file start_33.csv (CSV, C-alpha atoms)
chain,number,residue,atom,x,y,z
A,1025,MET,CA,-36.2,14.3,-41.8
A,1026,ALA,CA,-34.6,13.1,-44.9
A,1027,GLU,CA,-33.3,9.5,-45.1
A,1028,THR,CA,-30.8,8.2,-47.6
A,1029,LYS,CA,-31.3,4.6,-48.6
A,1030,GLY,CA,-28.5,2.3,-47.4
A,1031,GLN,CA,-27.0,5.0,-45.1
A,1032,GLY,CA,-29.7,5.5,-42.5
A,1033,ALA,CA,-31.2,8.8,-41.4
A,1034,THR,CA,-29.2,12.0,-41.5
A,1035,ALA,CA,-28.7,14.1,-38.4
A,1036,PRO,CA,-31.2,17.0,-38.0
A,1037,ALA,CA,-29.9,20.4,-38.8
A,1038,PRO,CA,-29.4,22.7,-35.8
A,1039,PRO,CA,-31.7,25.7,-35.4
A,1040,PRO,CA,-30.5,28.9,-37.1
A,1041,GLU,CA,-30.3,30.7,-33.7
A,1042,MET,CA,-27.8,28.0,-32.4
A,1043,THR,CA,-25.7,28.3,-35.5
A,1044,ALA,CA,-25.5,32.0,-35.2
A,1045,LEU,CA,-24.5,31.9,-31.5
A,1046,ARG,CA,-21.9,29.2,-32.2
A,1047,GLY,CA,-20.5,31.3,-35.0
A,1048,ALA,CA,-20.4,34.4,-32.9
A,1049,GLY,CA,-18.6,32.5,-30.0
A,1050,ASP,CA,-16.0,31.1,-32.4
A,1051,GLY,CA,-15.4,34.6,-33.9
A,1052,PHE,CA,-15.0,36.2,-30.5
A,1053,ALA,CA,-12.5,33.5,-29.4
A,1054,LEU,CA,-10.6,33.9,-32.7
A,1055,ARG,CA,-10.4,37.6,-32.2
A,1056,LEU,CA,-9.1,37.1,-28.6
A,1057,ILE,CA,-6.4,34.6,-29.5
A,1058,SER,CA,-5.2,36.1,-32.8
A,1059,PRO,CA,-3.2,38.9,-31.2
A,1060,VAL,CA,-1.5,36.6,-28.8
A,1061,MET,CA,-0.6,34.1,-31.5
A,1062,ARG,CA,0.8,37.0,-33.7
A,1063,LEU,CA,3.1,38.0,-30.8
A,1064,VAL,CA,4.3,34.4,-30.4
A,1065,GLU,CA,4.7,34.0,-34.2
A,1066,ILE,CA,7.2,36.9,-34.5
A,1067,PRO,CA,10.0,35.3,-32.3
A,1068,MET,CA,9.3,31.8,-33.6
A,1069,ILE,CA,9.8,33.0,-37.2
A,1070,ALA,CA,13.0,34.7,-36.2
A,1071,LEU,CA,14.2,31.5,-34.5
A,1072,GLN,CA,13.3,29.4,-37.5
A,1073,ARG,CA,15.3,31.6,-39.8
A,1074,LEU,CA,18.2,31.6,-37.4
A,1075,LEU,CA,18.3,27.9,-36.5
A,1076,GLY,CA,16.5,26.3,-39.4
A,1077,ILE,CA,13.4,24.1,-39.4
A,1078,ASN,CA,15.3,21.0,-38.3
A,1079,ARG,CA,16.9,22.6,-35.2
A,1080,LEU,CA,13.7,24.3,-34.1
A,1081,ALA,CA,12.5,21.2,-32.4
A,1082,TRP,CA,15.3,21.6,-29.8
A,1083,VAL,CA,13.6,24.8,-28.7
A,1084,PHE,CA,10.5,22.9,-27.8
A,1085,LEU,CA,12.5,20.1,-26.1
A,1086,ALA,CA,14.7,22.5,-24.1
A,1087,PRO,CA,12.3,22.9,-21.1
A,1088,ASN,CA,11.9,19.2,-20.6
A,1089,LEU,CA,15.6,18.6,-21.1
A,1090,LEU,CA,16.4,21.3,-18.6
A,1091,LEU,CA,14.2,19.7,-15.9
A,1092,PHE,CA,15.4,16.2,-16.7
A,1093,GLY,CA,19.0,17.4,-16.4
A,1094,LEU,CA,18.3,19.3,-13.2
A,1095,PHE,CA,16.6,16.4,-11.4
A,1096,ALA,CA,18.3,13.4,-13.1
A,1097,PHE,CA,21.8,14.1,-14.4
A,1098,LEU,CA,22.8,16.7,-11.9
A,1099,PRO,CA,22.2,14.4,-8.8
A,1100,VAL,CA,24.2,11.7,-10.5
A,1101,ILE,CA,27.1,14.1,-11.0
A,1102,LEU,CA,26.9,15.3,-7.4
A,1103,ASN,CA,26.8,11.7,-6.2
A,1104,VAL,CA,30.0,10.9,-8.1
A,1105,ALA,CA,31.6,14.1,-6.6
A,1106,TYR,CA,30.6,13.1,-3.1
A,1107,ALA,CA,31.8,9.6,-3.5
A,1108,THR,CA,35.4,10.9,-4.0
A,1109,THR,CA,35.4,13.1,-1.0
A,1110,GLY,CA,35.5,12.5,2.8
A,1111,GLY,CA,34.5,14.2,6.0
A,1112,ALA,CA,31.1,15.0,7.5
A,1113,ASN,CA,30.6,18.5,5.9
A,1114,VAL,CA,27.7,19.0,3.5
A,1115,MET,CA,29.2,21.5,1.1
A,1116,LEU,CA,31.6,20.0,-1.5
A,1117,ALA,CA,34.0,22.9,-1.1
A,1118,ASP,CA,34.5,21.9,2.6
A,1119,ARG,CA,35.1,18.2,1.9
A,1120,PRO,CA,38.6,16.9,1.3
A,1121,GLN,CA,39.3,14.9,-1.8
A,1122,ILE,CA,40.2,11.3,-1.0
A,1123,GLY,CA,39.9,9.8,-4.5
A,1124,MET,CA,38.8,6.1,-4.4
A,1125,GLY,CA,39.2,5.9,-0.6
A,1126,ASN,CA,35.5,5.3,0.0
A,1127,PHE,CA,35.4,2.5,-2.5
A,1128,GLU,CA,38.5,0.9,-1.0
A,1129,ARG,CA,36.9,1.1,2.5
A,1130,LEU,CA,33.7,-0.6,1.3
A,1131,LEU,CA,35.6,-3.4,-0.6
A,1132,ASP,CA,38.3,-4.0,2.1
A,1133,CYS,CA,37.7,-7.6,3.2
A,1134,ALA,CA,39.9,-10.6,4.0
A,1135,ASN,CA,37.0,-12.8,2.9
A,1136,HIS,CA,34.0,-11.3,1.2
A,1137,LEU,CA,31.9,-14.3,2.1
A,1138,ASP,CA,32.4,-13.5,5.8
A,1139,PRO,CA,31.2,-10.0,6.8
A,1140,ASN,CA,33.1,-10.2,10.1
A,1141,THR,CA,36.4,-10.0,8.2
A,1142,CYS,CA,35.4,-6.8,6.4
A,1143,ARG,CA,36.2,-3.3,7.4
A,1144,GLU,CA,32.6,-2.2,6.7
A,1145,ASP,CA,31.0,-5.4,8.0
A,1146,LYS,CA,27.5,-3.8,8.1
A,1147,PHE,CA,27.8,-3.0,4.4
A,1148,TRP,CA,28.5,-6.7,3.5
A,1149,ARG,CA,25.8,-8.0,5.8
A,1150,ALA,CA,23.4,-5.7,3.9
A,1151,VAL,CA,24.8,-7.0,0.6
A,1152,TRP,CA,24.3,-10.6,1.5
A,1153,ASN,CA,20.9,-9.9,3.0
A,1154,THR,CA,19.9,-8.1,-0.2
A,1155,LEU,CA,21.3,-11.0,-2.4
A,1156,TRP,CA,19.2,-13.6,-0.5
A,1157,PHE,CA,16.2,-11.4,-0.4
A,1158,VAL,CA,16.2,-10.6,-4.2
A,1159,THR,CA,16.8,-14.3,-5.0
A,1160,LEU,CA,13.9,-15.5,-3.0
A,1161,GLN,CA,11.6,-12.6,-3.6
A,1162,VAL,CA,12.0,-12.3,-7.3
A,1163,GLY,CA,11.8,-16.1,-7.8
A,1164,ILE,CA,8.7,-16.6,-5.7
A,1165,MET,CA,7.0,-13.4,-7.0
A,1166,VAL,CA,7.5,-14.1,-10.7
A,1167,GLY,CA,6.4,-17.7,-10.3
A,1168,PHE,CA,3.2,-16.8,-8.4
A,1169,SER,CA,2.6,-13.9,-10.8
A,1170,LEU,CA,2.8,-16.2,-13.8
A,1171,LEU,CA,0.5,-18.8,-12.2
A,1172,THR,CA,-2.0,-16.1,-11.1
A,1173,ALA,CA,-2.0,-14.5,-14.6
A,1174,ILE,CA,-2.7,-17.9,-16.2
A,1175,VAL,CA,-5.6,-18.5,-13.9
A,1176,LEU,CA,-7.0,-15.0,-14.3
A,1177,ASN,CA,-6.7,-15.3,-18.1
A,1178,GLY,CA,-8.9,-18.4,-18.1
A,1179,LYS,CA,-12.7,-18.6,-18.1
A,1180,ILE,CA,-13.5,-18.4,-14.4
A,1181,ARG,CA,-16.4,-16.8,-12.6
A,1182,ALA,CA,-16.0,-13.3,-11.3
A,1183,ARG,CA,-12.8,-12.9,-13.2
A,1184,GLY,CA,-12.9,-9.1,-13.0
A,1185,PHE,CA,-13.4,-9.2,-9.3
A,1186,PHE,CA,-10.4,-11.4,-8.7
A,1187,ARG,CA,-8.3,-9.3,-11.0
A,1188,SER,CA,-9.1,-6.3,-8.8
A,1189,VAL,CA,-8.4,-8.2,-5.6
A,1190,PHE,CA,-4.9,-9.2,-6.7
A,1191,PHE,CA,-4.1,-5.7,-7.9
A,1192,PHE,CA,-5.5,-4.0,-4.8
A,1193,PRO,CA,-2.3,-4.2,-2.6
A,1194,VAL,CA,-0.3,-2.4,-5.3
A,1195,LEU,CA,-2.5,0.7,-4.7
A,1196,LEU,CA,-1.6,0.8,-1.0
A,1197,SER,CA,1.3,2.8,0.4
A,1198,PRO,CA,4.3,0.6,1.3
A,1199,VAL,CA,4.3,2.0,4.8
A,1200,VAL,CA,0.6,1.2,5.2
A,1201,VAL,CA,1.2,-2.4,4.0
A,1202,ALA,CA,4.1,-2.7,6.5
A,1203,LEU,CA,2.1,-1.3,9.4
A,1204,ILE,CA,-0.8,-3.6,8.6
A,1205,TRP,CA,1.3,-6.8,8.6
A,1206,LYS,CA,3.3,-5.5,11.7
A,1207,TRP,CA,0.1,-5.2,13.5
A,1208,MET,CA,-0.9,-8.7,12.6
A,1209,LEU,CA,2.5,-10.3,13.4
A,1210,GLN,CA,3.5,-8.5,16.6
A,1211,ARG,CA,3.5,-10.5,19.9
A,1212,ASN,CA,-0.1,-9.3,20.8
A,1213,GLY,CA,-1.2,-9.2,17.1
A,1214,VAL,CA,-4.0,-10.9,15.2
A,1215,LEU,CA,-2.1,-14.0,14.2
A,1216,ASN,CA,-0.9,-14.8,17.7
A,1217,ALA,CA,-4.4,-14.1,19.0
A,1218,PHE,CA,-5.7,-16.8,16.6
A,1219,LEU,CA,-2.9,-19.2,17.6
A,1220,ASP,CA,-3.6,-18.7,21.3
A,1221,TRP,CA,-7.3,-19.3,20.6
A,1222,ALA,CA,-6.5,-22.5,18.7
A,1223,GLY,CA,-4.3,-23.7,21.7
A,1224,ILE,CA,-1.1,-23.6,19.6
A,1225,GLY,CA,0.5,-20.6,21.4
A,1226,GLY,CA,1.8,-17.4,20.0
A,1227,TYR,CA,5.4,-16.6,18.8
A,1228,ASN,CA,7.6,-13.6,18.6
A,1229,TRP,CA,7.7,-13.6,14.8
A,1230,LEU,CA,9.6,-10.3,14.4
A,1231,VAL,CA,12.1,-11.0,17.1
A,1232,ASP,CA,13.4,-14.2,15.5
A,1233,ALA,CA,15.9,-13.3,12.8
A,1234,GLN,CA,14.9,-16.1,10.3
A,1235,TRP,CA,11.2,-15.5,10.7
A,1236,ALA,CA,11.6,-11.8,10.4
A,1237,PHE,CA,13.5,-12.3,7.1
A,1238,ALA,CA,10.9,-14.8,5.8
A,1239,TRP,CA,8.0,-12.5,6.6
A,1240,SER,CA,9.8,-9.6,4.9
A,1241,VAL,CA,10.0,-11.7,1.7
A,1242,PHE,CA,6.3,-12.6,2.1
A,1243,LEU,CA,5.4,-9.0,2.7
A,1244,SER,CA,7.2,-7.8,-0.4
A,1245,VAL,CA,5.7,-10.5,-2.6
A,1246,TRP,CA,2.2,-9.8,-1.3
A,1247,ALA,CA,2.5,-6.1,-1.9
A,1248,HIS,CA,3.9,-6.1,-5.4
A,1249,MET,CA,2.7,-9.4,-7.0
A,1250,GLY,CA,-0.4,-7.7,-8.5
A,1251,PHE,CA,1.7,-5.3,-10.6
A,1252,TYR,CA,3.7,-8.1,-12.3
A,1253,THR,CA,0.6,-10.2,-12.6
A,1254,LEU,CA,-1.1,-7.4,-14.6
A,1255,ILE,CA,1.9,-7.2,-17.0
A,1256,LEU,CA,2.0,-11.0,-17.5
A,1257,LEU,CA,-1.8,-11.0,-18.0
A,1258,ALA,CA,-1.4,-8.4,-20.8
A,1259,GLY,CA,1.3,-10.6,-22.3
A,1260,LEU,CA,-0.9,-13.6,-22.2
A,1261,GLN,CA,-3.9,-11.8,-23.8
A,1262,ALA,CA,-1.6,-10.6,-26.7
A,1263,ILE,CA,-0.9,-14.3,-27.7
A,1264,PRO,CA,-3.2,-15.1,-30.7
A,1265,ARG,CA,-6.0,-17.6,-29.8
A,1266,ASP,CA,-5.7,-19.4,-33.1
A,1267,VAL,CA,-2.3,-20.7,-32.0
A,1268,TYR,CA,-4.0,-22.5,-29.1
A,1269,GLU,CA,-6.8,-23.7,-31.4
A,1270,ALA,CA,-4.2,-25.3,-33.7
A,1271,ALA,CA,-2.6,-27.0,-30.8
A,1272,THR,CA,-5.9,-28.3,-29.6
A,1273,MET,CA,-6.6,-29.7,-33.1
A,1274,ASP,CA,-3.2,-31.4,-33.0
A,1275,ARG,CA,-4.2,-32.9,-29.6
A,1276,ALA,CA,-1.4,-31.2,-27.7
A,1277,SER,CA,-1.7,-31.6,-23.9
A,1278,PRO,CA,-2.1,-28.4,-21.8
A,1279,TRP,CA,1.4,-28.8,-20.4
A,1280,ARG,CA,2.9,-29.2,-23.9
A,1281,ALA,CA,0.9,-26.1,-25.1
A,1282,PHE,CA,2.2,-24.1,-22.1
A,1283,ARG,CA,5.8,-25.2,-22.7
A,1284,ARG,CA,5.9,-24.9,-26.5
A,1285,ILE,CA,3.5,-21.9,-27.0
A,1286,THR,CA,2.9,-19.9,-23.9
A,1287,LEU,CA,6.4,-19.7,-22.5
A,1288,PRO,CA,8.2,-18.9,-25.8
A,1289,LEU,CA,5.7,-16.2,-26.8
A,1290,LEU,CA,5.6,-14.8,-23.3
A,1291,ALA,CA,9.4,-14.6,-23.1
A,1292,PRO,CA,9.8,-10.9,-23.9
A,1293,THR,CA,7.2,-10.0,-21.3
A,1294,MET,CA,8.9,-12.3,-18.8
A,1295,LEU,CA,12.2,-10.5,-19.4
A,1296,VAL,CA,10.5,-7.1,-18.7
A,1297,VAL,CA,9.0,-8.5,-15.5
A,1298,LEU,CA,12.4,-10.0,-14.4
A,1299,VAL,CA,14.3,-6.8,-15.0
A,1300,LEU,CA,11.7,-4.7,-13.2
A,1301,ALA,CA,11.4,-7.1,-10.3
A,1302,LEU,CA,15.2,-7.3,-9.9
A,1303,ILE,CA,15.6,-3.6,-9.8
A,1304,LYS,CA,12.7,-3.2,-7.4
A,1305,GLY,CA,14.0,-6.0,-5.2
A,1306,VAL,CA,17.5,-4.4,-4.9
A,1307,GLN,CA,15.9,-1.0,-4.1
A,1308,THR,CA,13.6,-2.4,-1.3
A,1309,PHE,CA,13.7,-0.1,1.7
A,1310,ASP,CA,10.6,1.7,2.8
A,1311,GLU,CA,8.2,-1.2,3.5
A,1312,VAL,CA,10.8,-3.4,5.2
A,1313,TYR,CA,12.2,-0.5,7.2
A,1314,ALA,CA,8.7,0.3,8.5
A,1315,PHE,CA,8.1,-3.4,9.1
A,1316,THR,CA,11.2,-4.4,11.0
A,1317,GLY,CA,13.5,-1.4,11.1
A,1318,GLY,CA,16.2,-3.6,9.8
A,1319,GLY,CA,16.2,-5.9,12.8
A,1320,PRO,CA,16.4,-8.0,14.7
A,1321,GLY,CA,20.1,-7.0,14.7
A,1322,THR,CA,20.9,-6.7,11.0
A,1323,ALA,CA,18.8,-9.7,9.9
A,1324,THR,CA,16.6,-7.5,7.6
A,1325,THR,CA,19.1,-4.7,6.9
A,1326,PHE,CA,19.3,-4.2,3.1
A,1327,ILE,CA,21.7,-2.2,1.0
A,1328,ILE,CA,19.4,0.8,0.5
A,1329,GLN,CA,18.9,1.0,4.3
A,1330,TYR,CA,22.6,1.0,4.8
A,1331,ILE,CA,23.0,3.9,2.3
A,1332,TYR,CA,20.2,5.8,4.1
A,1333,GLU,CA,21.6,5.3,7.6
A,1334,GLU,CA,25.2,6.1,6.7
A,1335,GLY,CA,24.3,9.2,4.8
A,1336,PHE,CA,21.3,10.6,6.6
A,1337,ALA,CA,20.5,8.8,9.9
A,1338,GLY,CA,23.9,8.1,11.3
A,1339,SER,CA,26.3,10.2,13.3
A,1340,PRO,CA,28.5,11.4,11.8
A,1341,ARG,CA,26.8,11.5,8.4
A,1342,LEU,CA,29.2,9.8,6.0
A,1343,PHE,CA,27.9,11.2,2.7
A,1344,GLY,CA,30.9,10.0,0.8
A,1345,LEU,CA,30.6,6.4,1.9
A,1346,SER,CA,26.9,6.5,1.2
A,1347,ALA,CA,27.4,7.9,-2.2
A,1348,ALA,CA,30.1,5.3,-3.0
A,1349,ALA,CA,27.8,2.5,-1.9
A,1350,SER,CA,24.9,3.8,-4.1
A,1351,LEU,CA,27.3,3.9,-7.1
A,1352,LEU,CA,28.3,0.3,-6.5
A,1353,VAL,CA,24.6,-0.7,-6.4
A,1354,ALA,CA,23.9,1.2,-9.6
A,1355,PHE,CA,26.9,-0.5,-11.4
A,1356,VAL,CA,25.7,-3.9,-10.4
A,1357,LEU,CA,22.1,-3.2,-11.6
A,1358,VAL,CA,23.4,-2.0,-14.9
A,1359,VAL,CA,25.6,-5.1,-15.4
A,1360,LEU,CA,22.7,-7.5,-14.4
A,1361,THR,CA,20.3,-5.7,-16.8
A,1362,LEU,CA,22.8,-5.8,-19.7
A,1363,VAL,CA,23.4,-9.5,-19.0
A,1364,GLN,CA,19.6,-10.3,-19.0
A,1365,LEU,CA,19.2,-8.3,-22.3
A,1366,TRP,CA,22.1,-10.2,-23.9
A,1367,VAL,CA,20.6,-13.5,-22.8
A,1368,ASN,CA,17.3,-12.5,-24.3
A,1369,ARG,CA,18.8,-11.4,-27.6
A,1370,LYS,CA,20.8,-14.7,-27.8
A,1371,SER,CA,17.6,-16.7,-27.2
A,1372,VAL,CA,15.7,-14.7,-29.8
A,1373,ASP,CA,18.4,-15.0,-32.4
A,1374,GLY,CA,18.7,-18.7,-31.8
call {"tool": "encode", "arguments": {"input": "start_33.csv", "output": "structure tokens"}}
result
Amino acid sequence: MAETKGQGATAPAPPPEMTALRGAGDGFALRLISPVMRLVEIPMIALQRLLGINRLAWVFLAPNLLLFGLFAFLPVILNVAYATTGGANVMLADRPQIGMGNFERLLDCANHLDPNTCREDKFWRAVWNTLWFVTLQVGIMVGFSLLTAIVLNGKIRARGFFRSVFFFPVLLSPVVVALIWKWMLQRNGVLNAFLDWAGIGGYNWLVDAQWAFAWSVFLSVWAHMGFYTLILLAGLQAIPRDVYEAATMDRASPWRAFRRITLPLLAPTMLVVLVLALIKGVQTFDEVYAFTGGGPGTATTFIIQYIYEEGFAGSPRLFGLSAAASLLVAFVLVVLTLVQLWVNRKSVDG
């Protein structure tokens, strides 16, 4: 084996038999593929001459654009069409046009702060429940996610293990998470069994409206915190270490370093987390629906559950009202997202 000084040993040459077999295999594959490629080449050359090299890219994008339009744009268009019609028929041709009637019905209130004065009182109860839920859930989850990310970014023992533990609930199905906590919190569940054993006595957690709402917030935070912790942890690891070393040399306290270095440099990541958490919070449905069913009463009925029940689970099925409610939710989410992006741009520009 020859060795070049300064470069180490060269790789041994393959046996002649291996080289011959490899060459024969490559030649057979080339002979097999070449006719197919020639058949594809003929129409592609014709398209290139017809459209030009710059427009040829749209030919390759067309299948993806077709699928995206079929499953994204078309449902939005149909949703707008249903929102302007009434009745309980499924086919648009059988539904009478009522214009903005569904939106007027949803927004018809003597006092929007009191759902009892609204024509669609259940809608406004769901709106206020969702508002309180998002405020509490997003605030608590982002705060705990940031604290957890800072701890997991430090030098602690079994850091990889704890990172996996905090991310594990994200891997579970929302329905599975809901059923696990429902099994723990029901009247004869694990928590009440422990309280009875301790002599405190159990409690109907899911029957009391305030406790059911509080546990719904806790359930959502527990299930999704790991995802946002992972994003913030990535943001923390992207901050250069020499910045903290300079702060240490200047004898800056940990709190001052966090306030003057970590938070400003983590602001773009925090904005992403806030936007994602806000959208996810407004869209909360499956886990809370499996956990409480929206009860007791309407204590944990959120806006997506209202849309589902009006359009698919109620009788009659009010597709138009459900579509109008979903468009209002989409409009509010777009406005909130634009406001957050504007605030972030103002803070970056100074």
call {"tool": "closest_atom_pairs", "arguments": {"input": "start_33.csv", "of": "stretch 1237-1318 of chain A", "to": "stretch 1139-1155 of chain A", "cutoff": "9 Å", "atoms": "all atoms listed in the file", "output": "Markdown table"}}
result
| residue | atom | partner | partner_atom | distance |
| --- | --- | --- | --- | --- |
| A:Phe1237 | CA | A:Asn1153 | CA | 8.8 |
| A:Gly1305 | CA | A:Thr1154 | CA | 8.0 |
| A:Val1306 | CA | A:Thr1154 | CA | 6.4 |
| A:Thr1308 | CA | A:Thr1154 | CA | 8.6 |
call {"tool": "atom_distance", "arguments": {"input": "start_33.csv", "atom1": "atom CA of A:Gln1307", "atom2": "atom CA of A:Val1158"}}
result
9.6 Å
call {"tool": "residues_near_point", "arguments": {"input": "start_33.csv", "point": "(8.2, -18.3, 0.2)", "cutoff": "8 Å", "atoms": "only C-alpha atoms", "output": "list in words"}}
result
Leu1160, Gln1161, Ile1164, Ala1238, Val1241 and Phe1242 of chain A
call {"tool": "write_last_selection", "arguments": {"input": "start_33.csv", "atoms": "C-alpha atoms", "output": "compact mmCIF listing (two decimals), in the coordinates of the input"}}
result
# COMPACT_ATOMS: atom_id res chain seq x y z
CA LEU A 1160 13.90 -15.50 -3.00
CA GLN A 1161 11.60 -12.60 -3.60
CA ILE A 1164 8.70 -16.60 -5.70
CA ALA A 1238 10.90 -14.80 5.80
CA VAL A 1241 10.00 -11.70 1.70
CA PHE A 1242 6.30 -12.60 2.10
call {"tool": "closest_residue", "arguments": {"input": "start_33.csv", "among": "A:Phe1326, A:Phe1309, A:Tyr1332, A:Phe1127", "to": "A:Val1199", "atoms": "all atoms listed in the file"}}
result
A:Phe1309
call {"tool": "atom_distance", "arguments": {"input": "start_33.csv", "atom1": "atom CA of A:Leu1171", "atom2": "atom CA of A:Val1200"}}
result
26.5 Å
call {"tool": "residues_around", "arguments": {"input": "start_33.csv", "residues": "A:Met1249", "least_positions_apart": "3", "cutoff": "8 Å", "atoms": "all atoms listed in the file", "output": "list of chain:residue names"}}
result
A:Met1165, A:Val1166, A:Phe1168, A:Ser1169, A:Phe1190, A:Phe1191, A:Val1194, A:Val1245, A:Trp1246, A:Tyr1252, A:Thr1253
call {"tool": "closest_residue", "arguments": {"input": "start_33.csv", "among": "A:Ala1107, A:Leu1357, A:Ala1349, A:Val1162", "to": "A:Ala1301", "atoms": "only C-alpha atoms"}}
result
A:Val1162
call {"tool": "atom_distance", "arguments": {"input": "start_33.csv", "atom1": "atom CA of A:Leu1345", "atom2": "atom CA of A:Ala1202"}}
result
28.4 Å
call {"tool": "residues_around", "arguments": {"input": "start_33.csv", "residues": "A:Asn1216", "least_positions_apart": "5", "cutoff": "10 Å", "atoms": "all atoms listed in the file", "output": "PyMOL selection string"}}
result
chain A and resi 1208-1211+1221-1222+1224-1229
call {"tool": "residues_around", "arguments": {"input": "start_33.csv", "residues": "A:Met1115", "least_positions_apart": "6", "cutoff": "12 Å", "atoms": "all atoms listed in the file", "output": "number ranges by chain"}}
result
A: 1102, 1105-1106, 1109, 1343-1344
call {"tool": "closest_residue", "arguments": {"input": "start_33.csv", "among": "A:Leu1287, A:Ala1276, A:Met1124, A:Ile1174", "to": "A:Val1104", "atoms": "all atoms listed in the file"}}
result
A:Met1124
call {"tool": "closest_residue", "arguments": {"input": "start_33.csv", "among": "A:Asn1177, A:Asp1232, A:Thr1322, A:Phe1282", "to": "A:Ala1262", "atoms": "only C-alpha atoms"}}
result
A:Asn1177
call {"tool": "closest_residue", "arguments": {"input": "start_33.csv", "among": "A:Leu1137, A:Leu1342, A:Leu1215, A:Leu1351", "to": "A:Ile1328", "atoms": "all atoms listed in the file"}}
result
A:Leu1351
call {"tool": "closest_residue", "arguments": {"input": "start_33.csv", "among": "A:Ser1277, A:Ser1240, A:Ser1339, A:Thr1316", "to": "A:Trp1156", "atoms": "only C-alpha atoms"}}
result
A:Ser1240
